file final39.cif (mmCIF, N, CA and C atoms and all ligand atoms)
data_protein
#
loop_
_atom_site.label_atom_id
_atom_site.label_comp_id
_atom_site.auth_asym_id
_atom_site.auth_seq_id
_atom_site.Cartn_x
_atom_site.Cartn_y
_atom_site.Cartn_z
N MET A 18 0.81 -1.22 0.00
CA MET A 18 0.00 0.00 0.00
C MET A 18 0.85 1.27 0.00
N ALA A 19 2.18 1.11 0.16
CA ALA A 19 3.01 2.31 0.26
C ALA A 19 2.91 3.19 -0.98
N ASP A 20 2.62 2.55 -2.14
CA ASP A 20 2.62 3.36 -3.36
C ASP A 20 1.24 3.86 -3.74
N THR A 21 0.26 3.70 -2.86
CA THR A 21 -1.11 4.06 -3.22
C THR A 21 -1.23 5.49 -3.74
N LEU A 22 -0.51 6.42 -3.12
CA LEU A 22 -0.68 7.82 -3.48
C LEU A 22 0.08 8.21 -4.74
N THR A 23 1.00 7.38 -5.17
CA THR A 23 1.79 7.78 -6.33
C THR A 23 1.53 6.89 -7.55
N SER A 24 0.85 5.77 -7.38
CA SER A 24 0.64 4.88 -8.51
C SER A 24 -0.51 5.36 -9.38
N PRO A 25 -0.39 5.18 -10.68
CA PRO A 25 -1.36 5.77 -11.59
C PRO A 25 -2.59 4.92 -11.88
N MET A 26 -3.63 5.63 -12.22
CA MET A 26 -4.84 5.00 -12.76
C MET A 26 -5.12 5.64 -14.13
N HIS A 27 -5.98 5.00 -14.87
CA HIS A 27 -6.42 5.54 -16.15
C HIS A 27 -7.84 6.07 -15.98
N VAL A 28 -8.12 7.25 -16.50
CA VAL A 28 -9.45 7.84 -16.34
C VAL A 28 -10.00 8.29 -17.69
N GLU A 29 -11.27 7.99 -17.90
CA GLU A 29 -11.96 8.48 -19.12
C GLU A 29 -13.30 9.06 -18.72
N ILE A 30 -13.58 10.25 -19.24
CA ILE A 30 -14.91 10.84 -19.05
C ILE A 30 -15.52 11.01 -20.43
N ILE A 31 -16.65 10.38 -20.62
CA ILE A 31 -17.24 10.32 -21.95
C ILE A 31 -18.65 10.90 -21.91
N SER A 32 -18.94 11.76 -22.87
CA SER A 32 -20.29 12.31 -22.98
C SER A 32 -20.80 11.96 -24.37
N PRO A 33 -22.05 12.27 -24.68
CA PRO A 33 -22.54 11.97 -26.03
C PRO A 33 -21.71 12.64 -27.13
N ASP A 34 -21.01 13.72 -26.80
CA ASP A 34 -20.15 14.39 -27.79
C ASP A 34 -18.83 13.65 -28.01
N GLY A 35 -18.55 12.64 -27.19
CA GLY A 35 -17.29 11.91 -27.30
C GLY A 35 -16.50 12.04 -26.02
N PRO A 36 -15.21 11.60 -26.05
CA PRO A 36 -14.40 11.70 -24.84
C PRO A 36 -14.13 13.17 -24.50
N ILE A 37 -14.39 13.53 -23.25
CA ILE A 37 -14.17 14.90 -22.77
C ILE A 37 -12.80 14.99 -22.11
N TYR A 38 -12.40 13.88 -21.48
CA TYR A 38 -11.14 13.88 -20.73
C TYR A 38 -10.62 12.45 -20.68
N VAL A 39 -9.35 12.28 -21.03
CA VAL A 39 -8.71 10.96 -20.96
C VAL A 39 -7.32 11.18 -20.37
N ALA A 40 -6.97 10.42 -19.33
CA ALA A 40 -5.65 10.63 -18.72
C ALA A 40 -5.12 9.35 -18.09
N ASP A 41 -3.80 9.23 -18.13
CA ASP A 41 -3.09 8.21 -17.36
C ASP A 41 -2.40 8.91 -16.21
N GLY A 42 -1.86 8.13 -15.30
CA GLY A 42 -1.07 8.73 -14.23
C GLY A 42 -1.92 9.41 -13.18
N VAL A 43 -3.18 9.02 -13.09
CA VAL A 43 -4.09 9.66 -12.12
C VAL A 43 -3.94 8.97 -10.77
N THR A 44 -3.81 9.77 -9.72
CA THR A 44 -3.63 9.20 -8.39
C THR A 44 -4.93 9.17 -7.58
N MET A 45 -5.88 10.06 -7.92
CA MET A 45 -7.13 10.06 -7.16
C MET A 45 -8.24 10.73 -7.97
N VAL A 46 -9.44 10.13 -7.86
CA VAL A 46 -10.63 10.72 -8.47
C VAL A 46 -11.65 10.92 -7.35
N VAL A 47 -12.19 12.14 -7.26
CA VAL A 47 -13.23 12.41 -6.25
C VAL A 47 -14.51 12.80 -6.99
N ALA A 48 -15.59 12.10 -6.66
CA ALA A 48 -16.88 12.37 -7.32
C ALA A 48 -17.97 12.30 -6.26
N ARG A 49 -19.21 12.59 -6.67
CA ARG A 49 -20.29 12.57 -5.68
C ARG A 49 -21.47 11.73 -6.15
N ALA A 50 -21.91 10.86 -5.25
CA ALA A 50 -23.11 10.06 -5.49
C ALA A 50 -24.20 10.58 -4.56
N SER A 51 -25.39 9.99 -4.62
CA SER A 51 -26.50 10.52 -3.81
C SER A 51 -26.20 10.45 -2.31
N ASP A 52 -25.35 9.51 -1.89
CA ASP A 52 -25.04 9.39 -0.46
C ASP A 52 -23.74 10.11 -0.09
N GLY A 53 -23.25 10.95 -0.97
CA GLY A 53 -22.10 11.78 -0.60
C GLY A 53 -20.90 11.60 -1.51
N GLU A 54 -19.84 12.33 -1.14
CA GLU A 54 -18.62 12.32 -1.94
C GLU A 54 -17.82 11.05 -1.68
N PHE A 55 -17.13 10.58 -2.69
CA PHE A 55 -16.26 9.43 -2.48
C PHE A 55 -14.99 9.61 -3.33
N ALA A 56 -13.92 8.95 -2.88
CA ALA A 56 -12.64 9.06 -3.58
C ALA A 56 -12.20 7.67 -4.03
N ILE A 57 -11.56 7.63 -5.18
CA ILE A 57 -11.02 6.36 -5.68
C ILE A 57 -9.52 6.52 -5.88
N MET A 58 -8.78 5.60 -5.30
CA MET A 58 -7.34 5.56 -5.52
C MET A 58 -6.98 4.18 -6.06
N LYS A 59 -5.72 4.03 -6.43
CA LYS A 59 -5.28 2.76 -7.02
C LYS A 59 -5.67 1.57 -6.13
N ASN A 60 -6.04 0.49 -6.79
CA ASN A 60 -6.40 -0.76 -6.13
C ASN A 60 -7.70 -0.68 -5.32
N HIS A 61 -8.50 0.31 -5.63
CA HIS A 61 -9.84 0.39 -5.02
C HIS A 61 -10.63 -0.83 -5.51
N LEU A 62 -11.51 -1.30 -4.67
CA LEU A 62 -12.37 -2.42 -5.08
C LEU A 62 -13.22 -1.99 -6.27
N PRO A 63 -13.61 -2.93 -7.12
CA PRO A 63 -14.50 -2.58 -8.23
C PRO A 63 -15.74 -1.87 -7.71
N LEU A 64 -16.18 -0.87 -8.47
CA LEU A 64 -17.28 -0.03 -8.00
C LEU A 64 -18.07 0.47 -9.20
N ALA A 65 -19.37 0.51 -9.03
CA ALA A 65 -20.22 1.12 -10.06
C ALA A 65 -21.22 1.99 -9.32
N SER A 66 -21.36 3.25 -9.74
CA SER A 66 -22.24 4.15 -9.00
C SER A 66 -22.86 5.18 -9.93
N ALA A 67 -24.13 5.47 -9.68
CA ALA A 67 -24.74 6.63 -10.33
C ALA A 67 -24.12 7.87 -9.71
N LEU A 68 -24.00 8.93 -10.50
CA LEU A 68 -23.41 10.17 -9.99
C LEU A 68 -24.45 11.27 -9.87
N ASP A 69 -24.27 12.10 -8.85
CA ASP A 69 -25.01 13.36 -8.77
C ASP A 69 -24.35 14.36 -9.72
N MET A 70 -25.03 15.45 -10.00
CA MET A 70 -24.34 16.56 -10.67
C MET A 70 -23.22 16.98 -9.72
N CYS A 71 -21.99 17.04 -10.20
CA CYS A 71 -20.90 17.39 -9.30
C CYS A 71 -19.67 17.86 -10.07
N ALA A 72 -18.77 18.51 -9.35
CA ALA A 72 -17.48 18.88 -9.91
C ALA A 72 -16.52 17.73 -9.57
N VAL A 73 -16.22 16.89 -10.56
CA VAL A 73 -15.31 15.76 -10.32
C VAL A 73 -13.88 16.31 -10.27
N ARG A 74 -13.12 15.84 -9.28
CA ARG A 74 -11.73 16.28 -9.14
C ARG A 74 -10.80 15.11 -9.48
N ILE A 75 -9.85 15.39 -10.36
CA ILE A 75 -8.93 14.34 -10.80
C ILE A 75 -7.50 14.79 -10.50
N HIS A 76 -6.84 14.03 -9.65
CA HIS A 76 -5.47 14.39 -9.25
C HIS A 76 -4.47 13.59 -10.06
N THR A 77 -3.51 14.29 -10.63
CA THR A 77 -2.41 13.66 -11.36
C THR A 77 -1.14 14.30 -10.81
N GLY A 78 -0.41 13.56 -10.01
CA GLY A 78 0.73 14.16 -9.33
C GLY A 78 0.23 15.30 -8.46
N ASN A 79 0.81 16.49 -8.62
CA ASN A 79 0.30 17.60 -7.80
C ASN A 79 -0.64 18.53 -8.59
N LYS A 80 -1.12 18.04 -9.75
CA LYS A 80 -2.08 18.82 -10.53
C LYS A 80 -3.48 18.33 -10.25
N GLU A 81 -4.46 19.26 -10.32
CA GLU A 81 -5.85 18.85 -10.17
C GLU A 81 -6.64 19.36 -11.37
N GLN A 82 -7.34 18.44 -12.02
CA GLN A 82 -8.25 18.82 -13.12
C GLN A 82 -9.67 18.70 -12.59
N LYS A 83 -10.48 19.74 -12.85
CA LYS A 83 -11.88 19.63 -12.44
C LYS A 83 -12.77 19.54 -13.67
N VAL A 84 -13.76 18.69 -13.55
CA VAL A 84 -14.69 18.48 -14.65
C VAL A 84 -16.10 18.52 -14.08
N ALA A 85 -16.94 19.41 -14.61
CA ALA A 85 -18.34 19.45 -14.19
C ALA A 85 -19.06 18.30 -14.89
N VAL A 86 -19.70 17.47 -14.09
CA VAL A 86 -20.37 16.28 -14.62
C VAL A 86 -21.84 16.36 -14.18
N PHE A 87 -22.74 16.22 -15.15
CA PHE A 87 -24.16 16.44 -14.86
C PHE A 87 -24.91 15.11 -14.83
N GLY A 88 -24.68 14.37 -13.77
CA GLY A 88 -25.30 13.05 -13.63
C GLY A 88 -24.46 12.00 -14.32
N GLY A 89 -25.09 10.88 -14.64
CA GLY A 89 -24.36 9.80 -15.31
C GLY A 89 -23.91 8.73 -14.34
N PHE A 90 -22.84 8.09 -14.72
CA PHE A 90 -22.48 6.83 -14.09
C PHE A 90 -20.96 6.71 -14.03
N LEU A 91 -20.46 6.17 -12.90
CA LEU A 91 -19.01 5.93 -12.77
C LEU A 91 -18.77 4.45 -12.57
N GLU A 92 -17.77 3.93 -13.29
CA GLU A 92 -17.34 2.55 -13.05
C GLU A 92 -15.85 2.55 -12.76
N ASN A 93 -15.46 1.77 -11.76
CA ASN A 93 -14.03 1.60 -11.46
C ASN A 93 -13.72 0.11 -11.47
N LYS A 94 -12.76 -0.23 -12.29
CA LYS A 94 -12.37 -1.64 -12.37
C LYS A 94 -10.93 -1.72 -12.87
N ASP A 95 -10.13 -2.52 -12.20
CA ASP A 95 -8.73 -2.73 -12.62
C ASP A 95 -7.98 -1.41 -12.83
N ASN A 96 -8.16 -0.48 -11.91
CA ASN A 96 -7.49 0.82 -11.96
C ASN A 96 -7.84 1.64 -13.19
N LYS A 97 -9.02 1.37 -13.74
CA LYS A 97 -9.54 2.21 -14.82
C LYS A 97 -10.88 2.80 -14.36
N VAL A 98 -10.94 4.12 -14.35
CA VAL A 98 -12.19 4.80 -13.94
C VAL A 98 -12.84 5.36 -15.19
N THR A 99 -14.08 4.96 -15.41
CA THR A 99 -14.82 5.47 -16.57
C THR A 99 -16.06 6.17 -16.08
N ILE A 100 -16.25 7.41 -16.55
CA ILE A 100 -17.47 8.15 -16.23
C ILE A 100 -18.20 8.38 -17.55
N ILE A 101 -19.45 7.99 -17.57
CA ILE A 101 -20.28 8.25 -18.75
C ILE A 101 -21.39 9.18 -18.29
N ALA A 102 -21.45 10.36 -18.90
CA ALA A 102 -22.40 11.37 -18.42
C ALA A 102 -23.13 12.00 -19.60
N PRO A 103 -24.38 12.42 -19.37
CA PRO A 103 -25.13 13.05 -20.46
C PRO A 103 -24.54 14.40 -20.88
N LEU A 104 -23.77 15.01 -19.95
CA LEU A 104 -23.11 16.28 -20.24
C LEU A 104 -21.94 16.41 -19.29
N ALA A 105 -20.77 16.79 -19.80
CA ALA A 105 -19.59 16.99 -18.96
C ALA A 105 -18.76 18.12 -19.56
N GLU A 106 -18.22 18.97 -18.70
CA GLU A 106 -17.46 20.14 -19.19
C GLU A 106 -16.17 20.29 -18.40
N LEU A 107 -15.05 20.41 -19.08
CA LEU A 107 -13.79 20.72 -18.41
C LEU A 107 -13.90 22.11 -17.79
N ALA A 108 -13.34 22.28 -16.60
CA ALA A 108 -13.43 23.58 -15.91
C ALA A 108 -12.99 24.73 -16.82
N GLU A 109 -11.92 24.50 -17.57
CA GLU A 109 -11.38 25.61 -18.39
C GLU A 109 -12.28 25.99 -19.56
N ASN A 110 -13.28 25.16 -19.86
CA ASN A 110 -14.21 25.49 -20.95
C ASN A 110 -15.50 26.14 -20.43
N ILE A 111 -15.58 26.32 -19.14
CA ILE A 111 -16.81 26.88 -18.56
C ILE A 111 -16.73 28.40 -18.56
N ASP A 112 -17.79 29.03 -19.04
CA ASP A 112 -17.87 30.49 -19.07
C ASP A 112 -18.47 30.94 -17.73
N GLU A 113 -17.62 31.56 -16.91
CA GLU A 113 -18.04 31.91 -15.55
C GLU A 113 -19.19 32.92 -15.55
N ALA A 114 -19.08 33.94 -16.40
CA ALA A 114 -20.12 34.98 -16.43
C ALA A 114 -21.47 34.37 -16.80
N ARG A 115 -21.45 33.45 -17.74
CA ARG A 115 -22.69 32.78 -18.16
C ARG A 115 -23.28 31.97 -17.01
N ALA A 116 -22.42 31.27 -16.29
CA ALA A 116 -22.90 30.47 -15.16
C ALA A 116 -23.48 31.36 -14.06
N ILE A 117 -22.84 32.51 -13.84
CA ILE A 117 -23.34 33.45 -12.81
C ILE A 117 -24.72 33.96 -13.22
N GLU A 118 -24.86 34.31 -14.51
CA GLU A 118 -26.17 34.78 -15.01
C GLU A 118 -27.23 33.70 -14.86
N ALA A 119 -26.87 32.47 -15.23
CA ALA A 119 -27.82 31.34 -15.14
C ALA A 119 -28.22 31.12 -13.67
N GLN A 120 -27.26 31.25 -12.77
CA GLN A 120 -27.54 31.08 -11.35
C GLN A 120 -28.54 32.14 -10.87
N LYS A 121 -28.29 33.41 -11.25
CA LYS A 121 -29.17 34.51 -10.83
C LYS A 121 -30.58 34.30 -11.38
N ARG A 122 -30.65 33.97 -12.66
CA ARG A 122 -31.95 33.76 -13.33
C ARG A 122 -32.75 32.68 -12.59
N ALA A 123 -32.08 31.59 -12.32
CA ALA A 123 -32.77 30.47 -11.67
C ALA A 123 -33.20 30.86 -10.26
N GLN A 124 -32.31 31.55 -9.53
CA GLN A 124 -32.66 31.96 -8.16
C GLN A 124 -33.87 32.90 -8.17
N GLU A 125 -33.89 33.83 -9.14
CA GLU A 125 -35.01 34.76 -9.21
C GLU A 125 -36.31 34.04 -9.53
N ARG A 126 -36.24 33.08 -10.45
CA ARG A 126 -37.45 32.32 -10.81
C ARG A 126 -37.98 31.55 -9.61
N ILE A 127 -37.07 30.96 -8.86
CA ILE A 127 -37.48 30.15 -7.71
C ILE A 127 -38.10 31.06 -6.64
N LYS A 128 -37.51 32.23 -6.46
CA LYS A 128 -37.99 33.17 -5.44
C LYS A 128 -39.35 33.75 -5.83
N ALA A 129 -39.50 34.13 -7.10
CA ALA A 129 -40.73 34.81 -7.54
C ALA A 129 -41.93 33.87 -7.56
N ARG A 130 -41.71 32.61 -7.84
CA ARG A 130 -42.79 31.60 -7.89
C ARG A 130 -44.00 32.07 -8.70
N LYS A 131 -43.72 32.68 -9.84
CA LYS A 131 -44.82 33.16 -10.71
C LYS A 131 -45.60 31.98 -11.24
N ALA A 132 -46.91 32.20 -11.47
CA ALA A 132 -47.73 31.15 -12.06
C ALA A 132 -47.10 30.76 -13.40
N GLY A 133 -47.06 29.48 -13.65
CA GLY A 133 -46.52 29.03 -14.94
C GLY A 133 -45.03 28.73 -14.89
N THR A 134 -44.37 29.10 -13.81
CA THR A 134 -42.93 28.78 -13.71
C THR A 134 -42.76 27.31 -13.35
N ASP A 135 -41.89 26.66 -14.06
CA ASP A 135 -41.57 25.26 -13.74
C ASP A 135 -40.44 25.29 -12.70
N ILE A 136 -40.82 25.15 -11.44
CA ILE A 136 -39.85 25.31 -10.35
C ILE A 136 -38.79 24.20 -10.39
N GLU A 137 -39.22 22.99 -10.72
CA GLU A 137 -38.24 21.88 -10.79
C GLU A 137 -37.17 22.18 -11.84
N ARG A 138 -37.62 22.72 -12.97
CA ARG A 138 -36.68 23.07 -14.04
C ARG A 138 -35.71 24.16 -13.57
N ALA A 139 -36.26 25.14 -12.85
CA ALA A 139 -35.41 26.22 -12.34
C ALA A 139 -34.40 25.67 -11.32
N LYS A 140 -34.87 24.72 -10.50
CA LYS A 140 -33.95 24.14 -9.51
C LYS A 140 -32.81 23.37 -10.19
N LEU A 141 -33.14 22.67 -11.25
CA LEU A 141 -32.09 21.93 -11.98
C LEU A 141 -31.10 22.90 -12.64
N ALA A 142 -31.65 23.99 -13.19
CA ALA A 142 -30.77 25.00 -13.81
C ALA A 142 -29.85 25.60 -12.75
N LEU A 143 -30.42 25.84 -11.56
CA LEU A 143 -29.61 26.39 -10.46
C LEU A 143 -28.49 25.42 -10.08
N GLN A 144 -28.85 24.15 -9.98
CA GLN A 144 -27.84 23.13 -9.64
C GLN A 144 -26.73 23.08 -10.69
N ARG A 145 -27.12 23.14 -11.96
CA ARG A 145 -26.09 23.11 -13.02
C ARG A 145 -25.14 24.31 -12.87
N ALA A 146 -25.73 25.48 -12.60
CA ALA A 146 -24.89 26.68 -12.47
C ALA A 146 -23.96 26.54 -11.26
N ILE A 147 -24.48 26.03 -10.17
CA ILE A 147 -23.65 25.88 -8.95
C ILE A 147 -22.49 24.91 -9.21
N VAL A 148 -22.78 23.81 -9.89
CA VAL A 148 -21.72 22.83 -10.19
C VAL A 148 -20.67 23.45 -11.11
N ARG A 149 -21.12 24.23 -12.10
CA ARG A 149 -20.15 24.90 -13.00
C ARG A 149 -19.25 25.84 -12.21
N LEU A 150 -19.86 26.60 -11.31
CA LEU A 150 -19.07 27.56 -10.54
C LEU A 150 -18.12 26.84 -9.58
N LYS A 151 -18.57 25.74 -9.04
CA LYS A 151 -17.69 24.94 -8.17
C LYS A 151 -16.49 24.43 -8.94
N ALA A 152 -16.74 23.97 -10.16
CA ALA A 152 -15.65 23.43 -10.99
C ALA A 152 -14.61 24.51 -11.28
N ILE A 153 -15.07 25.76 -11.40
CA ILE A 153 -14.14 26.83 -11.72
C ILE A 153 -13.42 27.34 -10.47
N ARG A 154 -14.17 27.44 -9.38
CA ARG A 154 -13.68 28.23 -8.25
C ARG A 154 -12.97 27.46 -7.15
N ASN A 155 -13.43 26.26 -6.84
CA ASN A 155 -12.85 25.61 -5.65
C ASN A 155 -11.55 24.90 -5.92
P1 LIG B 201 -27.70 28.54 -19.76
O1 LIG B 201 -28.99 29.05 -19.20
O2 LIG B 201 -26.55 29.48 -19.56
O3 LIG B 201 -27.84 28.03 -21.18
P2 LIG B 201 -28.02 25.87 -18.85
O4 LIG B 201 -27.66 25.21 -17.57
O5 LIG B 201 -29.47 25.96 -19.15
O6 LIG B 201 -27.30 27.29 -18.88
P3 LIG B 201 -27.41 23.59 -20.40
O7 LIG B 201 -28.78 23.32 -20.96
O8 LIG B 201 -26.94 22.79 -19.25
O9 LIG B 201 -27.31 25.16 -20.04
O10 LIG B 201 -26.31 23.48 -21.56
C1 LIG B 201 -26.56 23.86 -22.90
C2 LIG B 201 -25.22 23.91 -23.62
O11 LIG B 201 -24.51 25.08 -23.20
C3 LIG B 201 -24.31 22.73 -23.31
O12 LIG B 201 -23.56 22.41 -24.46
C4 LIG B 201 -23.39 23.25 -22.23
O13 LIG B 201 -22.14 22.61 -22.23
C5 LIG B 201 -23.27 24.71 -22.61
N1 LIG B 201 -23.11 25.58 -21.44
C6 LIG B 201 -24.06 25.94 -20.55
N2 LIG B 201 -23.59 26.79 -19.63
C7 LIG B 201 -22.27 26.97 -19.93
C8 LIG B 201 -21.21 27.73 -19.35
N3 LIG B 201 -21.38 28.48 -18.26
N4 LIG B 201 -20.00 27.66 -19.94
C9 LIG B 201 -19.78 26.92 -21.02
N5 LIG B 201 -20.73 26.18 -21.63
C10 LIG B 201 -21.97 26.19 -21.10
#

call {"tool": "encode", "arguments": {"input": "final39.cif", "output": "C-alpha cells"}}
result
Amino acid sequence: MADTLTSPMHVEIISPDGPIYVADGVTMVVARASDGEFAIMKNHLPLASALDMCAVRIHTGNKEQKVAVFGGFLENKDNKVTIIAPLAELAENIDEARAIEAQKRAQERIKARKAGTDIERAKLALQRAIVRLKAIRN
C-alpha cells in the first residue's frame, strides 16, 4: 500500500459528444453520489455508481483537473475509472459569467414563484450553475 498515493490509474470521461477527458497517471478521483462524496485511488475495489451533478476532481501528481459532470455513471475496475455522463465540461471550458447569469436567473425564478414557472426546471438549472461555478472556483 506504500505506493497508493503515487501509482497511476487511467481515467476516461465520456459524454454523447465523445471523450471529454482521458488521462493516465491519475492518483485520485473524487466524485459525488447521492449518499455523498467518495474518492477512488489505485487498487480500489471494483465499483459502479450513479453520480449526482458534481465537480469531479482528478489528481495527477500535484495537478488537479476539475470536470463538471451532470449526472451519469461511474465505473471503477482494474485501476480504470470510466465516467459516462449526459453532459460533462472541463473547468477551463466553462464560461463563468454565463454560469453566474444562469444562477441569478434560476434563483429569481425560484424566489418569484410566478404562475406558470416550472420550479423543478429552475432548480435543476440552479444546480447546473452551482456545479459549473464549483468546478471553476474551488
Ligand atoms: P444557460 O442558461 O446558460 O444556457 P443551462 O444550464 O441551461 O445554462 P445547459 O442546458 O446545461 O445550459 O447546456 C446547454 C449547452 O450550453 C451545453 O452544451 C453546455 O455545455 C453549454 N453551457 C451551458 N452553460 C455553460 C457555461 N457556463 N460555460 C460553457 N458552456 C456552457

call {"tool": "closest_residue", "arguments": {"input": "final39.cif", "among": "A:Lys151, A:Gly35, A:Phe90, A:Lys59", "to": "A:Glu113", "atoms": "only C-alpha atoms"}}
result
A:Lys151

call {"tool": "residues_near_ligand", "arguments": {"input": "final39.cif", "ligand": "ligand LIG 201 (chain B)", "cutoff": "8 Å", "atoms": "all atoms listed in the file", "output": "list in words"}}
result
Leu104, Ala105, Glu106, Glu109, Asn110, Ile111, Asp112, Glu113, Ala114, Arg115, Ala116, Ile117, Glu118, Ala119, Gln120, Ala123, Leu141, Ala142, Leu143, Gln144, Arg145, Ala146, Arg149 and Leu150 of chain A

call {"tool": "closest_residue", "arguments": {"input": "final39.cif", "among": "A:Ile37, A:Val43, A:Leu64, A:Ala48", "to": "A:Ala108", "atoms": "only C-alpha atoms"}}
result
A:Ile37

call {"tool": "select_by_dssp", "arguments": {"input": "final39.cif", "residues": "stretch 41-128 of chain A", "states": "alpha helix (DSSP H)", "output": "list in words"}}
result
Glu113, Ala114, Arg115, Ala116, Ile117, Glu118, Ala119, Gln120, Lys121, Arg122, Ala123, Gln124, Glu125, Arg126, Ile127 and Lys128 of chain A

call {"tool": "atom_distance", "arguments": {"input": "final39.cif", "atom1": "atom N of A:Ala85", "atom2": "atom N of A:Gly53"}}
result
17.2 Å

call {"tool": "select_by_dssp", "arguments": {"input": "final39.cif", "residues": "stretch 43-113 of chain A", "states": "strand (DSSP E)", "output": "PyMOL selection string"}}
result
chain A and resi 43+45-50+53-57+64-67+70-77+80-87+90-94+97-101+105-107

call {"tool": "axis_aligned_box", "arguments": {"input": "final39.cif", "around": "stretch 104-121 of chain A", "padding_each_side": "8 Å", "output": "lines of an AutoDock Vina configuration file"}}
result
center_x = -21.0
center_y = 25.0
center_z = -15.9
size_x = 35.2
size_y = 36.0
size_z = 26.1

call {"tool": "residues_around", "arguments": {"input": "final39.cif", "residues": "A:Pro103", "least_positions_apart": "6", "cutoff": "6 Å", "atoms": "only N, CA and C atoms", "output": "ChimeraX atom specification"}}
result
/A:32-33,87-89

call {"tool": "closest_residue", "arguments": {"input": "final39.cif", "among": "A:Cys71, A:Lys121, A:His61, A:Ala40", "to": "A:Lys83", "atoms": "all atoms listed in the file"}}
result
A:Cys71

call {"tool": "atom_distance", "arguments": {"input": "final39.cif", "atom1": "atom CA of A:His76", "atom2": "atom CA of A:Tyr38"}}
result
12.8 Å

call {"tool": "atom_distance", "arguments": {"input": "final39.cif", "atom1": "atom C of A:Ala65", "atom2": "atom N of A:Ile153"}}
result
24.6 Å

call {"tool": "build_atoms", "arguments": {"input": "final39.cif", "residues": "stretch 85-96 of chain A", "atoms": "N, CA, C and O atoms", "output": "PDB file, in the coordinates of the input"}}
result
ATOM      1  N   ALA A  85     -16.940  19.410 -14.610  1.00  0.00           N
ATOM      2  CA  ALA A  85     -18.340  19.450 -14.190  1.00  0.00           C
ATOM      3  C   ALA A  85     -19.060  18.300 -14.890  1.00  0.00           C
ATOM      4  O   ALA A  85     -18.996  18.169 -16.117  1.00  0.00           O
ATOM      5  N   VAL A  86     -19.700  17.470 -14.090  1.00  0.00           N
ATOM      6  CA  VAL A  86     -20.370  16.280 -14.620  1.00  0.00           C
ATOM      7  C   VAL A  86     -21.840  16.360 -14.180  1.00  0.00           C
ATOM      8  O   VAL A  86     -22.135  16.569 -13.003  1.00  0.00           O
ATOM      9  N   PHE A  87     -22.740  16.220 -15.150  1.00  0.00           N
ATOM     10  CA  PHE A  87     -24.160  16.440 -14.860  1.00  0.00           C
ATOM     11  C   PHE A  87     -24.910  15.110 -14.830  1.00  0.00           C
ATOM     12  O   PHE A  87     -25.623  14.764 -15.766  1.00  0.00           O
ATOM     13  N   GLY A  88     -24.680  14.370 -13.770  1.00  0.00           N
ATOM     14  CA  GLY A  88     -25.300  13.050 -13.630  1.00  0.00           C
ATOM     15  C   GLY A  88     -24.460  12.000 -14.320  1.00  0.00           C
ATOM     16  O   GLY A  88     -23.261  12.190 -14.563  1.00  0.00           O
ATOM     17  N   GLY A  89     -25.090  10.880 -14.640  1.00  0.00           N
ATOM     18  CA  GLY A  89     -24.360   9.800 -15.310  1.00  0.00           C
ATOM     19  C   GLY A  89     -23.910   8.730 -14.340  1.00  0.00           C
ATOM     20  O   GLY A  89     -24.480   8.542 -13.259  1.00  0.00           O
ATOM     21  N   PHE A  90     -22.840   8.090 -14.720  1.00  0.00           N
ATOM     22  CA  PHE A  90     -22.480   6.830 -14.090  1.00  0.00           C
ATOM     23  C   PHE A  90     -20.960   6.710 -14.030  1.00  0.00           C
ATOM     24  O   PHE A  90     -20.270   7.108 -14.950  1.00  0.00           O
ATOM     25  N   LEU A  91     -20.460   6.170 -12.900  1.00  0.00           N
ATOM     26  CA  LEU A  91     -19.010   5.930 -12.770  1.00  0.00           C
ATOM     27  C   LEU A  91     -18.770   4.450 -12.570  1.00  0.00           C
ATOM     28  O   LEU A  91     -19.453   3.808 -11.768  1.00  0.00           O
ATOM     29  N   GLU A  92     -17.770   3.930 -13.290  1.00  0.00           N
ATOM     30  CA  GLU A  92     -17.340   2.550 -13.050  1.00  0.00           C
ATOM     31  C   GLU A  92     -15.850   2.550 -12.760  1.00  0.00           C
ATOM     32  O   GLU A  92     -15.080   3.259 -13.421  1.00  0.00           O
ATOM     33  N   ASN A  93     -15.460   1.770 -11.760  1.00  0.00           N
ATOM     34  CA  ASN A  93     -14.030   1.600 -11.460  1.00  0.00           C
ATOM     35  C   ASN A  93     -13.720   0.110 -11.470  1.00  0.00           C
ATOM     36  O   ASN A  93     -14.363  -0.679 -10.763  1.00  0.00           O
ATOM     37  N   LYS A  94     -12.760  -0.230 -12.290  1.00  0.00           N
ATOM     38  CA  LYS A  94     -12.370  -1.640 -12.370  1.00  0.00           C
ATOM     39  C   LYS A  94     -10.930  -1.720 -12.870  1.00  0.00           C
ATOM     40  O   LYS A  94     -10.574  -1.032 -13.833  1.00  0.00           O
ATOM     41  N   ASP A  95     -10.130  -2.520 -12.200  1.00  0.00           N
ATOM     42  CA  ASP A  95      -8.730  -2.730 -12.620  1.00  0.00           C
ATOM     43  C   ASP A  95      -7.980  -1.410 -12.830  1.00  0.00           C
ATOM     44  O   ASP A  95      -7.277  -1.227 -13.837  1.00  0.00           O
ATOM     45  N   ASN A  96      -8.160  -0.480 -11.910  1.00  0.00           N
ATOM     46  CA  ASN A  96      -7.490   0.820 -11.960  1.00  0.00           C
ATOM     47  C   ASN A  96      -7.840   1.640 -13.190  1.00  0.00           C
ATOM     48  O   ASN A  96      -7.056   2.485 -13.644  1.00  0.00           O
TER      49      ASN A  96
END
